[in-house]
>>> print(open('coords_39.pdb').read())   # PDB, C-alpha atoms
ATOM      1  CA  MET S   1     -11.293 -16.770  18.820  1.00  0.00           C
ATOM      2  CA  GLN S   2      -9.308 -14.404  16.613  1.00  0.00           C
ATOM      3  CA  VAL S   3      -6.072 -12.803  17.692  1.00  0.00           C
ATOM      4  CA  ARG S   4      -6.256  -9.068  17.101  1.00  0.00           C
ATOM      5  CA  ARG S   5      -3.211  -6.932  16.421  1.00  0.00           C
ATOM      6  CA  ARG S   6      -3.016  -3.292  15.453  1.00  0.00           C
ATOM      7  CA  GLY S   7      -6.633  -3.040  14.480  1.00  0.00           C
ATOM      8  CA  GLY S   8      -7.022  -6.279  12.552  1.00  0.00           C
ATOM      9  CA  SER S   9      -6.955 -10.030  12.886  1.00  0.00           C
ATOM     10  CA  VAL S  10      -3.944 -12.100  11.866  1.00  0.00           C
ATOM     11  CA  ALA S  11      -5.904 -13.093   8.732  1.00  0.00           C
ATOM     12  CA  ASP S  12      -6.443  -9.393   7.935  1.00  0.00           C
ATOM     13  CA  ILE S  13      -2.726  -8.710   8.291  1.00  0.00           C
ATOM     14  CA  GLU S  14      -1.861 -11.671   6.080  1.00  0.00           C
ATOM     15  CA  ALA S  15      -4.314 -10.512   3.391  1.00  0.00           C
ATOM     16  CA  ALA S  16      -2.889  -6.977   3.582  1.00  0.00           C
ATOM     17  CA  ARG S  17       0.669  -8.321   3.320  1.00  0.00           C
ATOM     18  CA  LYS S  18      -0.264 -10.321   0.199  1.00  0.00           C
ATOM     19  CA  GLU S  19      -1.827  -7.223  -1.372  1.00  0.00           C
ATOM     20  CA  PHE S  20       1.233  -5.151  -0.420  1.00  0.00           C
ATOM     21  CA  GLN S  21       3.532  -7.738  -2.009  1.00  0.00           C
ATOM     22  CA  ARG S  22       1.381  -7.778  -5.160  1.00  0.00           C
ATOM     23  CA  ILE S  23       1.770  -4.001  -5.502  1.00  0.00           C
ATOM     24  CA  ASP S  24       5.486  -4.007  -4.548  1.00  0.00           C
ATOM     25  CA  THR S  25       6.546  -5.485  -7.879  1.00  0.00           C
ATOM     26  CA  ASP S  26      10.293  -5.170  -7.333  1.00  0.00           C
ATOM     27  CA  GLY S  27      10.062  -6.791  -3.886  1.00  0.00           C
ATOM     28  CA  ASP S  28      12.138  -4.163  -2.095  1.00  0.00           C
ATOM     29  CA  GLY S  29       9.618  -3.782   0.736  1.00  0.00           C
ATOM     30  CA  PHE S  30       8.320  -0.399  -0.390  1.00  0.00           C
ATOM     31  CA  ILE S  31       5.562   0.779  -2.728  1.00  0.00           C
ATOM     32  CA  THR S  32       6.617   3.577  -5.071  1.00  0.00           C
ATOM     33  CA  ALA S  33       4.270   5.908  -6.930  1.00  0.00           C
ATOM     34  CA  ALA S  34       5.041   4.030 -10.168  1.00  0.00           C
ATOM     35  CA  GLU S  35       4.148   0.679  -8.568  1.00  0.00           C
ATOM     36  CA  PHE S  36       0.972   2.168  -7.097  1.00  0.00           C
ATOM     37  CA  LYS S  37      -0.032   3.626 -10.482  1.00  0.00           C
ATOM     38  CA  THR S  38       0.533   0.233 -12.139  1.00  0.00           C
ATOM     39  CA  ALA S  39      -1.559  -1.539  -9.493  1.00  0.00           C
ATOM     40  CA  LEU S  40      -4.414   0.937  -9.983  1.00  0.00           C
ATOM     41  CA  ALA S  41      -4.226   0.460 -13.758  1.00  0.00           C
ATOM     42  CA  GLN S  42      -4.329  -3.314 -13.317  1.00  0.00           C
ATOM     43  CA  GLY S  43      -7.468  -2.782 -11.241  1.00  0.00           C
ATOM     44  CA  GLY S  44      -9.039  -0.859 -14.113  1.00  0.00           C
ATOM     45  CA  ASP S  45      -8.232   2.735 -13.122  1.00  0.00           C
ATOM     46  CA  TRP S  46      -6.266   3.784 -16.210  1.00  0.00           C
ATOM     47  CA  ASN S  47      -6.771   7.510 -15.613  1.00  0.00           C
ATOM     48  CA  VAL S  48      -4.352   7.809 -12.687  1.00  0.00           C
ATOM     49  CA  THR S  49      -1.168   9.599 -13.714  1.00  0.00           C
ATOM     50  CA  GLU S  50       2.140   9.162 -11.946  1.00  0.00           C
ATOM     51  CA  ALA S  51       1.708  12.684 -10.496  1.00  0.00           C
ATOM     52  CA  VAL S  52      -1.638  11.667  -8.963  1.00  0.00           C
ATOM     53  CA  ALA S  53      -0.088   8.450  -7.632  1.00  0.00           C
ATOM     54  CA  GLU S  54       2.689  10.538  -6.035  1.00  0.00           C
ATOM     55  CA  VAL S  55       0.085  12.700  -4.258  1.00  0.00           C
ATOM     56  CA  ILE S  56      -1.716   9.592  -2.974  1.00  0.00           C
ATOM     57  CA  ILE S  57       1.550   8.060  -1.732  1.00  0.00           C
ATOM     58  CA  LYS S  58       2.533  11.366  -0.084  1.00  0.00           C
ATOM     59  CA  SER S  59      -0.801  11.494   1.766  1.00  0.00           C
ATOM     60  CA  ARG S  60      -0.115   8.042   3.271  1.00  0.00           C
ATOM     61  CA  ASP S  61       3.659   8.358   3.739  1.00  0.00           C
ATOM     62  CA  LEU S  62       4.232   8.883   7.452  1.00  0.00           C
ATOM     63  CA  ASP S  63       8.023   9.311   7.420  1.00  0.00           C
ATOM     64  CA  GLY S  64       8.367  11.475   4.310  1.00  0.00           C
ATOM     65  CA  ASP S  65      10.567   9.101   2.278  1.00  0.00           C
ATOM     66  CA  LYS S  66       8.164   9.210  -0.730  1.00  0.00           C
ATOM     67  CA  VAL S  67       7.428   5.458  -0.585  1.00  0.00           C
ATOM     68  CA  LEU S  68       5.067   3.297   1.483  1.00  0.00           C
ATOM     69  CA  SER S  69       6.377   0.688   3.877  1.00  0.00           C
ATOM     70  CA  PHE S  70       4.093  -2.134   4.952  1.00  0.00           C
ATOM     71  CA  ASP S  71       3.498  -0.387   8.285  1.00  0.00           C
ATOM     72  CA  GLU S  72       2.342   2.766   6.495  1.00  0.00           C
ATOM     73  CA  PHE S  73       0.154   0.671   4.162  1.00  0.00           C
ATOM     74  CA  TRP S  74      -1.360  -1.166   7.152  1.00  0.00           C
ATOM     75  CA  THR S  75      -1.909   2.077   9.079  1.00  0.00           C
ATOM     76  CA  HIS S  76      -3.842   3.545   6.150  1.00  0.00           C
ATOM     77  CA  LEU S  77      -5.989   0.399   5.833  1.00  0.00           C
ATOM     78  CA  ASN S  78      -6.970   0.722   9.494  1.00  0.00           C
ATOM     79  CA  LYS S  79      -8.042   4.400   9.442  1.00  0.00           C
TER      80      LYS S  79
END
>>> encode(input="coords_39.pdb", output="structure tokens")
Amino acid sequence: MQVRRRGGSVADIEAARKEFQRIDTDGDGFITAAEFKTALAQGGDWNVTEAVAEVIIKSRDLDGDKVLSFDEFWTHLNK
């Protein structure tokens, strides 16, 4: 039996948290556009500019602070 929380199992949340921490390179608990751009480049998407990364972050940023918290990251994963 899996425990389900907020649309995913505990294992799903743990995997998402690890991915979030991988992207959040400075460890401040938020993903900036620059960190997101770097993560995409590391995944092979070298064509993403910082301006494009800012637009992507803005589309997922629920509180308007121009960065992604884990909760915002998790919410987007569960859409």
>>> resolve_selection(input="coords_39.pdb", expression="the PyMOL selection byres ((chain S and resi 30) around 8)", output="PyMOL selection string")
chain S and resi 24+27-29+31-32+67-70
>>> atom_distance(input="coords_39.pdb", atom1="atom CA of S:Glu35", atom2="atom CA of S:Ala53")
8.9 Å
>>> atom_distance(input="coords_39.pdb", atom1="atom CA of S:Phe36", atom2="atom CA of S:Ile23")
6.4 Å
>>> atom_distance(input="coords_39.pdb", atom1="atom CA of S:Ala33", atom2="atom CA of S:Thr49")
9.4 Å
>>> resolve_selection(input="coords_39.pdb", expression="the PyMOL selection byres ((chain S and resi 60) around 12)", output="mmCIF file with C-alpha atoms, in the coordinates of the input")
data_model
loop_
_atom_site.group_PDB
_atom_site.id
_atom_site.type_symbol
_atom_site.label_atom_id
_atom_site.label_comp_id
_atom_site.auth_asym_id
_atom_site.auth_seq_id
_atom_site.Cartn_x
_atom_site.Cartn_y
_atom_site.Cartn_z
ATOM 1 C CA ILE S 31 5.562 0.779 -2.728
ATOM 2 C CA THR S 32 6.617 3.577 -5.071
ATOM 3 C CA ALA S 33 4.270 5.908 -6.930
ATOM 4 C CA PHE S 36 0.972 2.168 -7.097
ATOM 5 C CA ALA S 53 -0.088 8.450 -7.632
ATOM 6 C CA GLU S 54 2.689 10.538 -6.035
ATOM 7 C CA VAL S 55 0.085 12.700 -4.258
ATOM 8 C CA ILE S 56 -1.716 9.592 -2.974
ATOM 9 C CA ILE S 57 1.550 8.060 -1.732
ATOM 10 C CA LYS S 58 2.533 11.366 -0.084
ATOM 11 C CA SER S 59 -0.801 11.494 1.766
ATOM 12 C CA ASP S 61 3.659 8.358 3.739
ATOM 13 C CA LEU S 62 4.232 8.883 7.452
ATOM 14 C CA ASP S 63 8.023 9.311 7.420
ATOM 15 C CA GLY S 64 8.367 11.475 4.310
ATOM 16 C CA ASP S 65 10.567 9.101 2.278
ATOM 17 C CA LYS S 66 8.164 9.210 -0.730
ATOM 18 C CA VAL S 67 7.428 5.458 -0.585
ATOM 19 C CA LEU S 68 5.067 3.297 1.483
ATOM 20 C CA SER S 69 6.377 0.688 3.877
ATOM 21 C CA PHE S 70 4.093 -2.134 4.952
ATOM 22 C CA ASP S 71 3.498 -0.387 8.285
ATOM 23 C CA GLU S 72 2.342 2.766 6.495
ATOM 24 C CA PHE S 73 0.154 0.671 4.162
ATOM 25 C CA TRP S 74 -1.360 -1.166 7.152
ATOM 26 C CA THR S 75 -1.909 2.077 9.079
ATOM 27 C CA HIS S 76 -3.842 3.545 6.150
ATOM 28 C CA LEU S 77 -5.989 0.399 5.833
ATOM 29 C CA ASN S 78 -6.970 0.722 9.494
ATOM 30 C CA LYS S 79 -8.042 4.400 9.442
#
